[in-house]
Amino acid sequence: MLYYLFEYLNQNYDFPGLRLFQYITFRTSLAVIISLIITTVYGRRLINYLQKMQVGETVRNLGLEGQMQKQGTPTMGGIIILLGILVPTLLFANLTNIYVILMIVTTVWMGVIGFVDDYIKVFRKNKEGLAGRFKIVGQVGLALIIGWTMYFNPNIVVRQTVDEGANVKATTGIAAKTTAPMVLRQKGESFYYTQDVKSTITNVPFYKNNEFDYAKVLKFLGPGYEKYAVMVFLLFVVVIVTAVSNGANITDGIDGLATGTSAIIGLTLGLLAYVSGNTVIADYLNIMYIPNSGELMIFAGAFVGACVGFLWYNSYPAQVFMGDTGSLAIGGIIAAFAIMIRKELLIPILCGVFLVENMSVIIQVSYFKYTKRRFGEGRRVFLMSPLHHHYQKKGYHEAKIVTRFWIIGILLAIITIITLKLR
């Protein structure tokens, strides 16, 4: 909203400094600052309100040291994170940008699902919360909205190199040529033509050309396979959104773990959005240029600010838990963001902590069921899952576990950035 106000003032009045709002980096900095202020200053007030309303966490005794001391700690603190994300985004981002619109929808959508889950747990006294099938339906529904919009919205395009005189056919299954003009560009002493087109191409790490086309998964069908590309693309989006969202939810088991890890991931995604949306840097790195995606950096700034600000109260010993209101929203945001900047295939690296936590649960449950069926007695791989509880059982203090997971998260973030050039 302030973005439009200062844009109007800049066009009609000659006030010094108004042009600063045209710069993504400046607006991102403001988003971070405002997000930190909201989460730290108003976060305290929300915690007091949650305590007044007796919105306390019900802790199951799992035999972990210090666990029962957390009984009654206010939950649903994810509301703080949501406000810290949405308010700066609404103030400083270009709200006509389709990427920003999708991220706002993602934040509200997943936040509502998580809020309903927490509400059932706290006020209905149902420890199971929202039934798993309803969560999955909500996650799949969001994934279909994102995938469908990414595939068909005319404002979501990528820049590709084309031969002179050629016109790139849209990969949406519609037998029509793109109307975008071809532009002659220069790199060094060579000249080439580019065109902004609809495409199912994404970035893939460690690969020479750094690109992968979802449509080509169906190449075995023969001529005309492109018209079915939407099905493959939607399937990938559904898997990514549900996996990352649940991964963040599982990781949120000890004080500050999910919040700090998510801040690291958000910072990395913000940098990736900036380089992908900057034609000069994208050309230098030889990566896919995505027009208008740089605006996502404002959202990323608000996201990082909200996570870091929430850590003020969520670090050990936690004064508030984010609950599913925060964890489901964080996971959905990370997944949607990565998909929009065509870096979703980097998620196994960047979100390695989420992946390992997810896998530890899958391995534990699968092995237990297998051994129970075969030997009549269930056996376990880990002392307890998710993985962070395994280390708690081994006697590690949860603050040490969190710090070491953060260090791993930073290492994975660095590796993710390196993949831009390491092929």
# chains A, B, ... in the order shown; residues from 1 in each chain; ligands from 1
>>> closest_atom_pairs(of="region 275-315 of chain A", to="region 28-48 of chain A", cutoff="6 Å", atoms="only C-alpha atoms", output="Markdown table")
| residue | atom | partner | partner_atom | distance |
| --- | --- | --- | --- | --- |
| A:Ile298 | CA | A:Thr28 | CA | 4.4 |
| A:Gly301 | CA | A:Val32 | CA | 5.0 |
| A:Ala302 | CA | A:Ala31 | CA | 5.0 |
| A:Gly305 | CA | A:Val32 | CA | 4.7 |
| A:Ala306 | CA | A:Ser35 | CA | 5.3 |
| A:Gly309 | CA | A:Leu36 | CA | 4.9 |
| A:Phe310 | CA | A:Thr39 | CA | 5.8 |
>>> residues_around(residues="Asn249 (chain A)", least_positions_apart="5", cutoff="12 Å", atoms="only C-alpha atoms", output="PyMOL selection string")
chain A and resi 78+110+114+117+135+242-244+254+257-259+262+322-332+353-355+357-358+386
>>> closest_residue(among="A:Gly141, A:Gly277, A:Pro348, A:Gly256", to="Asn292 (chain A)", atoms="only C-alpha atoms")
A:Gly277
>>> select_by_dssp(residues="region 200-244 of chain A", states="strand (DSSP E or B)", output="ChimeraX atom specification")
/A:201-203,211-213
>>> write_last_selection(atoms="N, CA and C atoms", output="mmCIF file, in the first residue's frame")
data_model
loop_
_atom_site.group_PDB
_atom_site.id
_atom_site.type_symbol
_atom_site.label_atom_id
_atom_site.label_comp_id
_atom_site.auth_asym_id
_atom_site.auth_seq_id
_atom_site.Cartn_x
_atom_site.Cartn_y
_atom_site.Cartn_z
ATOM 1 N N ILE A 201 9.645 -25.536 -17.805
ATOM 2 C CA ILE A 201 11.056 -25.732 -17.480
ATOM 3 C C ILE A 201 11.350 -25.240 -16.063
ATOM 4 N N THR A 202 12.217 -25.953 -15.371
ATOM 5 C CA THR A 202 12.660 -25.560 -14.046
ATOM 6 C C THR A 202 14.165 -25.753 -13.951
ATOM 7 N N ASN A 203 14.764 -25.222 -12.881
ATOM 8 C CA ASN A 203 16.193 -25.399 -12.661
ATOM 9 C C ASN A 203 16.471 -26.731 -11.985
ATOM 10 N N GLU A 211 18.711 -27.021 -16.565
ATOM 11 C CA GLU A 211 17.276 -26.932 -16.811
ATOM 12 C C GLU A 211 16.664 -28.316 -17.002
ATOM 13 N N PHE A 212 15.423 -28.445 -16.554
ATOM 14 C CA PHE A 212 14.669 -29.685 -16.704
ATOM 15 C C PHE A 212 13.244 -29.327 -17.068
ATOM 16 N N ASP A 213 12.697 -30.000 -18.069
ATOM 17 C CA ASP A 213 11.343 -29.719 -18.542
ATOM 18 C C ASP A 213 10.401 -30.828 -18.076
#
>>> atom_distance(atom1="CA of Val105 (chain A)", atom2="CA of Tyr228 (chain A)")
26.4 Å
